[in-house]
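File shown here: entry05.txt, holding compact mmCIF, C-alpha atoms and all ligand atoms.
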```
# COMPACT_ATOMS: atom_id res chain seq x y z
CA MET A 89 34.52 -79.17 19.37
CA SER A 90 37.27 -79.30 16.73
CA LEU A 91 35.20 -80.06 13.57
CA GLY A 92 37.99 -82.00 11.98
CA LEU A 93 40.63 -79.35 12.70
CA ASP A 94 43.93 -80.95 13.68
CA GLN A 95 46.14 -79.70 16.52
CA THR A 96 48.31 -77.63 14.19
CA GLN A 97 45.23 -75.94 12.74
CA LEU A 98 43.72 -75.30 16.18
CA ASP A 99 46.99 -73.53 16.99
CA ARG A 100 47.39 -71.72 13.64
CA TYR A 101 43.83 -70.35 13.66
CA SER A 102 43.44 -69.95 17.43
CA ARG A 103 42.74 -66.19 17.17
CA HIS A 104 39.87 -66.93 14.78
CA ILE A 105 38.61 -69.84 16.83
CA ILE A 106 38.25 -67.77 20.02
CA LEU A 107 36.10 -65.22 18.15
CA ASP A 108 32.42 -65.94 18.88
CA ASP A 109 31.50 -65.06 15.30
CA VAL A 110 34.07 -67.40 13.72
CA GLY A 111 34.80 -70.28 16.09
CA PRO A 112 35.80 -73.75 14.92
CA GLU A 113 32.72 -73.85 12.63
CA GLY A 114 33.74 -70.66 10.82
CA GLN A 115 37.33 -71.81 10.51
CA ALA A 116 36.12 -75.12 9.04
CA GLN A 117 34.03 -73.11 6.53
CA LEU A 118 37.13 -71.13 5.54
CA LEU A 119 39.16 -74.32 5.11
CA ASP A 120 36.36 -75.72 2.89
CA ALA A 121 36.04 -72.52 0.83
CA SER A 122 37.18 -72.01 -2.73
CA VAL A 123 38.01 -68.52 -4.01
CA LEU A 124 39.11 -67.36 -7.46
CA VAL A 125 41.43 -64.34 -7.52
CA VAL A 126 41.71 -62.72 -10.95
CA GLY A 127 44.91 -60.66 -10.99
CA ALA A 128 48.10 -61.32 -9.00
CA GLY A 129 49.27 -57.69 -8.91
CA GLY A 130 48.81 -54.77 -6.50
CA LEU A 131 45.32 -55.72 -5.34
CA GLY A 132 45.89 -59.45 -5.71
CA SER A 133 48.96 -59.45 -3.44
CA PRO A 134 47.28 -58.56 -0.11
CA ILE A 135 44.18 -60.52 -1.11
CA LEU A 136 46.25 -63.67 -1.61
CA GLN A 137 48.29 -63.04 1.53
CA TYR A 138 45.29 -62.63 3.83
CA LEU A 139 43.09 -65.31 2.25
CA ALA A 140 45.97 -67.77 2.60
CA ALA A 141 46.71 -66.65 6.17
CA ALA A 142 43.00 -67.03 7.01
CA GLY A 143 43.11 -70.63 5.80
CA VAL A 144 40.89 -70.36 2.73
CA GLY A 145 41.40 -73.96 1.62
CA GLU A 146 41.42 -73.56 -2.13
CA ILE A 147 42.69 -70.49 -3.94
CA HIS A 148 42.81 -70.25 -7.72
CA VAL A 149 44.85 -67.45 -9.30
CA VAL A 150 44.56 -66.15 -12.86
CA ASP A 151 47.17 -63.81 -14.39
CA ASP A 152 49.04 -63.82 -17.69
CA ASP A 153 51.70 -61.21 -16.78
CA VAL A 154 55.32 -61.59 -15.80
CA VAL A 155 56.83 -59.65 -12.89
CA GLU A 156 58.42 -56.34 -13.85
CA ARG A 157 60.70 -54.31 -11.60
CA SER A 158 58.18 -51.42 -11.67
CA ASN A 159 55.60 -53.77 -10.04
CA LEU A 160 57.61 -54.22 -6.83
CA GLN A 161 56.65 -50.80 -5.42
CA ARG A 162 53.21 -52.29 -4.60
CA GLN A 163 52.94 -55.98 -5.58
CA THR A 164 54.15 -57.53 -2.35
CA VAL A 165 53.95 -61.24 -3.18
CA HIS A 166 56.71 -60.77 -5.78
CA ALA A 167 60.38 -60.16 -4.95
CA ASP A 168 63.29 -58.69 -6.90
CA ALA A 169 64.50 -62.18 -7.85
CA ASP A 170 61.08 -62.84 -9.48
CA VAL A 171 61.52 -60.18 -12.18
CA GLY A 172 60.81 -61.89 -15.50
CA ARG A 173 58.95 -64.85 -13.94
CA PRO A 174 55.21 -65.45 -14.36
CA LYS A 175 53.29 -63.64 -11.59
CA VAL A 176 51.21 -66.74 -10.88
CA ASP A 177 54.39 -68.68 -10.05
CA SER A 178 55.75 -66.26 -7.46
CA ALA A 179 52.23 -65.74 -6.06
CA ALA A 180 51.72 -69.50 -5.66
CA GLU A 181 55.13 -69.90 -4.00
CA PHE A 182 54.33 -67.14 -1.52
CA VAL A 183 51.07 -68.84 -0.54
CA ALA A 184 52.63 -72.31 -0.35
CA GLU A 185 55.36 -71.03 1.98
CA LEU A 186 52.81 -69.28 4.18
CA SER A 187 50.43 -72.16 4.75
CA PRO A 188 50.37 -75.91 4.09
CA ASP A 189 46.56 -75.79 4.49
CA VAL A 190 45.99 -73.93 1.23
CA THR A 191 45.84 -75.57 -2.18
CA VAL A 192 46.79 -73.11 -4.92
CA GLU A 193 45.82 -73.65 -8.54
CA THR A 194 47.35 -71.28 -11.09
CA TYR A 195 46.19 -70.25 -14.55
CA GLU A 196 48.83 -68.39 -16.53
CA GLN A 197 46.36 -66.89 -18.94
CA ARG A 198 44.19 -63.85 -19.41
CA ALA A 199 40.52 -64.24 -18.45
CA THR A 200 38.53 -64.11 -21.70
CA ALA A 201 34.94 -64.63 -22.85
CA GLU A 202 36.04 -68.10 -23.98
CA ASN A 203 37.47 -69.30 -20.63
CA ILE A 204 35.75 -67.22 -17.91
CA GLU A 205 32.82 -69.58 -17.33
CA GLY A 206 35.18 -72.48 -16.67
CA LEU A 207 37.42 -70.35 -14.44
CA ILE A 208 34.63 -69.11 -12.13
CA GLU A 209 32.70 -72.39 -11.93
CA GLY A 210 32.43 -73.92 -8.46
CA HIS A 211 33.93 -70.99 -6.52
CA ASP A 212 32.27 -69.46 -3.46
CA VAL A 213 33.59 -65.97 -4.25
CA VAL A 214 35.37 -64.40 -7.23
CA VAL A 215 37.73 -61.52 -6.44
CA ASP A 216 38.23 -58.93 -9.17
CA ALA A 217 41.80 -57.73 -8.65
CA THR A 218 42.30 -56.68 -12.26
CA ASP A 219 43.45 -53.32 -13.62
CA ASN A 220 41.42 -52.91 -16.80
CA PHE A 221 37.83 -52.40 -17.87
CA ALA A 222 37.63 -55.38 -20.24
CA SER A 223 38.39 -57.79 -17.36
CA ARG A 224 36.08 -55.98 -14.90
CA TYR A 225 33.08 -56.14 -17.24
CA LEU A 226 33.88 -59.74 -18.19
CA ILE A 227 34.03 -60.84 -14.53
CA ASN A 228 30.90 -58.86 -13.69
CA ASP A 229 28.82 -60.25 -16.53
CA ALA A 230 29.94 -63.87 -16.10
CA CYS A 231 29.43 -63.84 -12.31
CA ALA A 232 26.07 -62.01 -12.51
CA LEU A 233 24.85 -64.65 -14.99
CA ALA A 234 26.23 -67.52 -12.85
CA GLY A 235 25.08 -66.00 -9.51
CA ILE A 236 28.57 -66.07 -7.97
CA PRO A 237 29.41 -63.24 -5.50
CA VAL A 238 32.15 -60.81 -6.56
CA SER A 239 34.46 -58.56 -4.57
CA HIS A 240 35.43 -55.61 -6.76
CA GLY A 241 38.30 -53.20 -6.20
CA ALA A 242 40.00 -50.49 -8.23
CA VAL A 243 42.77 -47.96 -7.61
CA TYR A 244 43.74 -44.70 -9.28
CA ARG A 245 46.55 -42.38 -8.14
CA PHE A 246 45.59 -41.69 -4.47
CA GLU A 247 42.01 -42.98 -4.69
CA GLY A 248 40.46 -46.40 -4.42
CA GLN A 249 37.00 -47.94 -4.70
CA VAL A 250 35.68 -51.21 -3.38
CA THR A 251 32.30 -52.91 -3.39
CA THR A 252 30.72 -56.35 -3.25
CA PHE A 253 28.13 -57.82 -5.56
CA GLU A 254 26.33 -60.59 -3.68
CA GLN A 255 24.05 -61.38 -6.66
CA GLY A 256 20.97 -61.36 -4.40
CA GLU A 257 17.44 -60.30 -5.41
CA ASP A 258 18.15 -56.65 -4.54
CA SER A 259 21.85 -56.58 -5.41
CA PRO A 260 23.20 -54.20 -8.03
CA CYS A 261 26.06 -55.19 -10.33
CA TYR A 262 28.94 -53.23 -11.88
CA ARG A 263 26.87 -52.45 -15.00
CA CYS A 264 24.08 -51.00 -12.78
CA LEU A 265 26.72 -48.48 -11.69
CA PHE A 266 28.57 -48.03 -15.00
CA PRO A 267 26.62 -49.51 -17.95
CA GLU A 268 29.66 -49.22 -20.23
CA ALA A 269 33.34 -48.40 -19.80
CA PRO A 270 34.39 -44.73 -20.13
CA PRO A 271 35.74 -43.53 -23.46
CA ASP A 272 39.32 -44.51 -24.23
CA GLY A 273 41.78 -42.45 -22.20
CA ALA A 274 39.18 -41.11 -19.73
CA ALA A 275 40.42 -43.44 -17.01
CA PRO A 276 44.12 -44.14 -17.54
CA ASP A 277 45.76 -47.19 -15.92
CA CYS A 278 48.49 -47.21 -13.26
CA ALA A 279 51.29 -47.24 -15.85
CA THR A 280 49.96 -43.95 -17.29
CA ALA A 281 48.48 -42.26 -14.22
CA GLY A 282 50.69 -43.63 -11.43
CA VAL A 283 49.49 -45.03 -8.11
CA LEU A 284 50.57 -44.66 -4.50
CA GLY A 285 52.15 -48.05 -3.77
CA VAL A 286 50.38 -48.69 -0.46
CA LEU A 287 46.93 -47.86 -1.90
CA PRO A 288 46.21 -51.24 -3.55
CA GLY A 289 47.33 -52.76 -0.24
CA THR A 290 44.54 -50.94 1.58
CA ILE A 291 41.89 -51.66 -1.05
CA GLY A 292 43.01 -55.29 -1.40
CA CYS A 293 42.72 -55.72 2.38
CA PHE A 294 39.13 -54.44 2.19
CA GLN A 295 38.47 -57.02 -0.55
CA ALA A 296 40.02 -59.82 1.51
CA THR A 297 37.86 -58.75 4.47
CA GLU A 298 34.70 -58.84 2.35
CA THR A 299 35.63 -62.24 0.90
CA ILE A 300 36.24 -63.78 4.34
CA LYS A 301 32.93 -62.32 5.63
CA LEU A 302 31.06 -63.77 2.64
CA VAL A 303 32.51 -67.23 3.36
CA LEU A 304 31.62 -66.91 7.06
CA GLY A 305 28.19 -65.40 6.34
CA HIS A 306 28.97 -62.80 8.98
CA GLY A 307 28.39 -59.04 9.13
CA GLU A 308 27.22 -56.54 6.52
CA SER A 309 28.94 -56.57 3.16
CA LEU A 310 29.36 -53.62 0.77
CA ASP A 311 26.58 -55.04 -1.42
CA GLY A 312 24.67 -51.98 -2.65
CA ARG A 313 27.37 -49.56 -1.47
CA LEU A 314 30.53 -48.27 -3.10
CA LEU A 315 33.27 -47.49 -0.59
CA CYS A 316 35.42 -44.62 -1.87
CA TYR A 317 38.76 -44.08 -0.18
CA ASP A 318 40.94 -41.00 -0.61
CA ALA A 319 44.41 -41.77 0.75
CA ALA A 320 45.61 -38.16 0.43
CA GLU A 321 42.81 -36.80 2.64
CA MET A 322 42.41 -40.05 4.62
CA ASP A 323 38.71 -39.88 3.85
CA ILE A 324 36.29 -42.79 3.47
CA GLU A 325 32.81 -42.39 2.05
CA ARG A 326 30.15 -45.00 1.25
CA VAL A 327 27.89 -44.16 -1.67
CA PRO A 328 24.67 -46.16 -2.18
CA ILE A 329 24.39 -48.12 -5.46
CA ARG A 330 20.91 -49.19 -6.50
CA PRO A 331 20.07 -52.06 -8.81
CA SER A 332 19.09 -50.55 -12.17
CA PRO A 333 15.92 -51.88 -13.86
CA ASP A 334 17.62 -50.94 -17.17
CA CYS A 335 20.82 -52.87 -16.38
CA PRO A 336 21.77 -54.88 -19.47
CA VAL A 337 22.85 -57.90 -17.42
CA CYS A 338 20.73 -57.96 -14.21
CA GLY A 339 17.84 -55.61 -15.11
CA GLU A 340 14.21 -56.33 -16.04
CA THR A 341 14.89 -57.04 -19.70
CA PRO A 342 18.54 -58.08 -19.87
CA ARG A 343 20.28 -57.86 -23.24
CA ILE A 344 23.27 -59.96 -22.19
CA ASP A 345 22.44 -63.68 -21.97
CA SER A 346 26.03 -64.85 -22.32
CA VAL A 347 29.51 -63.31 -22.17
CA ARG A 348 29.77 -64.36 -25.82
CA ASP A 349 27.21 -61.60 -26.63
CA VAL A 350 29.70 -58.86 -25.70
CA ARG A 351 32.97 -57.68 -27.21
CA TYR A 352 35.25 -57.07 -24.24
CA ASP A 353 37.25 -54.22 -25.74
CA GLU A 354 37.71 -50.62 -24.51
CA ARG A 355 34.00 -49.90 -24.05
CA CYS A 356 32.59 -53.38 -23.31
CA ALA A 357 29.44 -52.10 -25.02
CA VAL A 358 26.18 -54.00 -24.85
CA PRO A 359 24.92 -55.51 -28.13
CA GLU A 360 21.84 -53.81 -29.65
ZN ZN A 401 23.23 -54.82 -13.00
```

This structure in structure tokens:
Amino acid sequence: MSLGLDQTQLDRYSRHIILDDVGPEGQAQLLDASVLVVGAGGLGSPILQYLAAAGVGEIHVVDDDVVERSNLQRQTVHADADVGRPKVDSAAEFVAELSPDVTVETYEQRATAENIEGLIEGHDVVVDATDNFASRYLINDACALAGIPVSHGAVYRFEGQVTTFEQGEDSPCYRCLFPEAPPDGAAPDCATAGVLGVLPGTIGCFQATETIKLVLGHGESLDGRLLCYDAAEMDIERVPIRPSPDCPVCGETPRIDSVRDVRYDERCAVPE
């Protein structure tokens, strides 16, 4: 049974196809899948690499940055010759060179309250590979309202966090965990705090794994659990996250009906 897979694809994905829990059906699902990756940096690099290698048929990438030399210590889809180029361009070239099966669509823009609904529409999974609270809350709120599953990852110095929001009946969301962003300066970004270069590689690989499992409908996701990884101690812990009845976006009496209700600034505070 080849399910429309051609000979080249049967060869390319043969190690998936011999897995009982993937098979030709699962590979066909991957080739039919559409995933939005927001951020083509440290997390986005391994996510794009492994989603493309897995044969996710349609990958959309959003990023408004250009490649800087200081990115190359961890952002592995960009090369030294790409310094100064838009990140979406080098990311798309990397994917196109890796696999002719993948269609890449690029958006050289920042995700905002004005464009997020259009960006996420029609995707099976949205991957949050951003590095700032405004984008995280924006993606969370828009995807919770639209019912689109999200893979979330974040890195800080030697520590990383990853979870999945499936948007099911009993699923929590990012605001269940952190109703608002911490005060300015309480959680500095990579440029201020530094980050071990390989760390976003590890966390991004977890996100790619979760995304592929969601498409396949196989295994247990991190929905309702926050995986905390300490690279210095090589320690992994999974902390339960419960849906909050007071959550402003997915709780019993939500106060966010639209991303236009919120100002996505430092705090991403909920309107009164
Ligand atoms: Zn929530």

What gap, in Å, lies between atom CA of A:Phe253 and atom CA of A:Val192?
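Between atom CA of A:Phe253 and atom CA of A:Val192 the gap is 24.1 Å.
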
Report as a PyMOL selection string which protein, DNA and RNA residues come within 12 Å of ligand ZN 401 (chain A), using all atoms listed in the file.
chain A and resi 225+228-233+235+253-268+312+329-344

Give me the residues near A:Gly248 as a short mmCIF file (atom, residue, chain, number, x, y, z; two decimals) with C-alpha atoms, in the coordinates of the input, where near means some atom within 10 Å (using only C-alpha atoms) and where sequence neighbours in that chain fewer than 4 positions away do not count.
```cif
data_model
loop_
_atom_site.label_atom_id
_atom_site.label_comp_id
_atom_site.auth_asym_id
_atom_site.auth_seq_id
_atom_site.Cartn_x
_atom_site.Cartn_y
_atom_site.Cartn_z
CA GLY A 241 38.30 -53.20 -6.20
CA ALA A 242 40.00 -50.49 -8.23
CA VAL A 243 42.77 -47.96 -7.61
CA TYR A 244 43.74 -44.70 -9.28
CA VAL A 283 49.49 -45.03 -8.11
CA LEU A 287 46.93 -47.86 -1.90
CA PRO A 288 46.21 -51.24 -3.55
CA THR A 290 44.54 -50.94 1.58
CA ILE A 291 41.89 -51.66 -1.05
CA GLY A 292 43.01 -55.29 -1.40
CA LEU A 315 33.27 -47.49 -0.59
CA CYS A 316 35.42 -44.62 -1.87
CA TYR A 317 38.76 -44.08 -0.18
CA ASP A 318 40.94 -41.00 -0.61
CA ALA A 319 44.41 -41.77 0.75
CA ILE A 324 36.29 -42.79 3.47
#
```

Would you kindly return, as a PyMOL selection string, each protein, DNA or RNA residue with an atom no farther than 9 Å from any atom of A:Ser223, considering only C-alpha atoms and excluding same-chain residues fewer than 3 positions away?
chain A and resi 126+198-200+216+218-220+226-228+352

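Note that the spacing between atom CA of A:Cys356 and atom CA of A:Gly127 amounts to 18.9 Å.
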
Return the single residue from A:Val171, A:Val123, A:Val327, A:Val144 that is closest to A:Ser158, with distances computed using all atoms listed in the file.
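Of all the options, A:Val171 lies closest to A:Ser158.
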
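Between A:Thr194 and the residues A:Asp151, A:Glu247, A:Asp212, A:Asp168, the shortest atom-to-atom distance, using all atoms listed in the file, involves A:Asp151.
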
Write out as a VMD selection string the residues lying within 8 Å of A:Gly143, counting only C-alpha atoms and excluding same-chain residues fewer than 6 positions away.
chain A and resid 101 115 118 to 119 187 189 to 190

For A:Asp353, which residue among A:Thr299, A:Arg224, A:Ala234, A:Val250 is the nearest when counting all atoms listed in the file?
A:Arg224

Pick from A:Glu298, A:Glu185, A:Glu321, A:Asp99: nearest to A:Val214, with only C-alpha atoms counted?
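For A:Val214, the nearest of the given residues is A:Glu298.
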
Please measure the separation of atom CA of A:Ala141 and atom CA of A:Leu314, giving the value in Å to one decimal.
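Value for the atom CA of A:Ala141-atom CA of A:Leu314 distance: 26.2 Å.
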
Which residue out of A:Pro188, A:Gly111, A:Gln295, A:Arg173 has the minimum interatomic distance to A:Leu136 when only C-alpha atoms are used?
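Result for the nearest residue to A:Leu136: A:Gln295.
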
Skip A:Glu196 itself and residues of its chain fewer than 6 positions away, then list as an mmCIF file with C-alpha atoms, in the frame of the given file all residues within 9 Å of it, counting all atoms listed in the file.
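Just written: around_28.cif:
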```cif
data_model
loop_
_atom_site.group_PDB
_atom_site.id
_atom_site.type_symbol
_atom_site.label_atom_id
_atom_site.label_comp_id
_atom_site.auth_asym_id
_atom_site.auth_seq_id
_atom_site.Cartn_x
_atom_site.Cartn_y
_atom_site.Cartn_z
ATOM 1 C CA VAL A 149 44.850 -67.450 -9.300
ATOM 2 C CA VAL A 150 44.560 -66.150 -12.860
ATOM 3 C CA ASP A 151 47.170 -63.810 -14.390
ATOM 4 C CA ASP A 152 49.040 -63.820 -17.690
ATOM 5 C CA ASP A 153 51.700 -61.210 -16.780
ATOM 6 C CA PRO A 174 55.210 -65.450 -14.360
ATOM 7 C CA LYS A 175 53.290 -63.640 -11.590
ATOM 8 C CA VAL A 176 51.210 -66.740 -10.880
ATOM 9 C CA ASP A 177 54.390 -68.680 -10.050
#
```

Return as lines of an AutoDock Vina configuration file the box centre and box size in Å, one decimal, for an axis-aligned box around all listed atoms of stretch 310-318 of chain A padded by 6 Å per side.
```
center_x = 32.8
center_y = -48.0
center_z = -1.2
size_x = 28.3
size_y = 26.0
size_z = 15.9
```
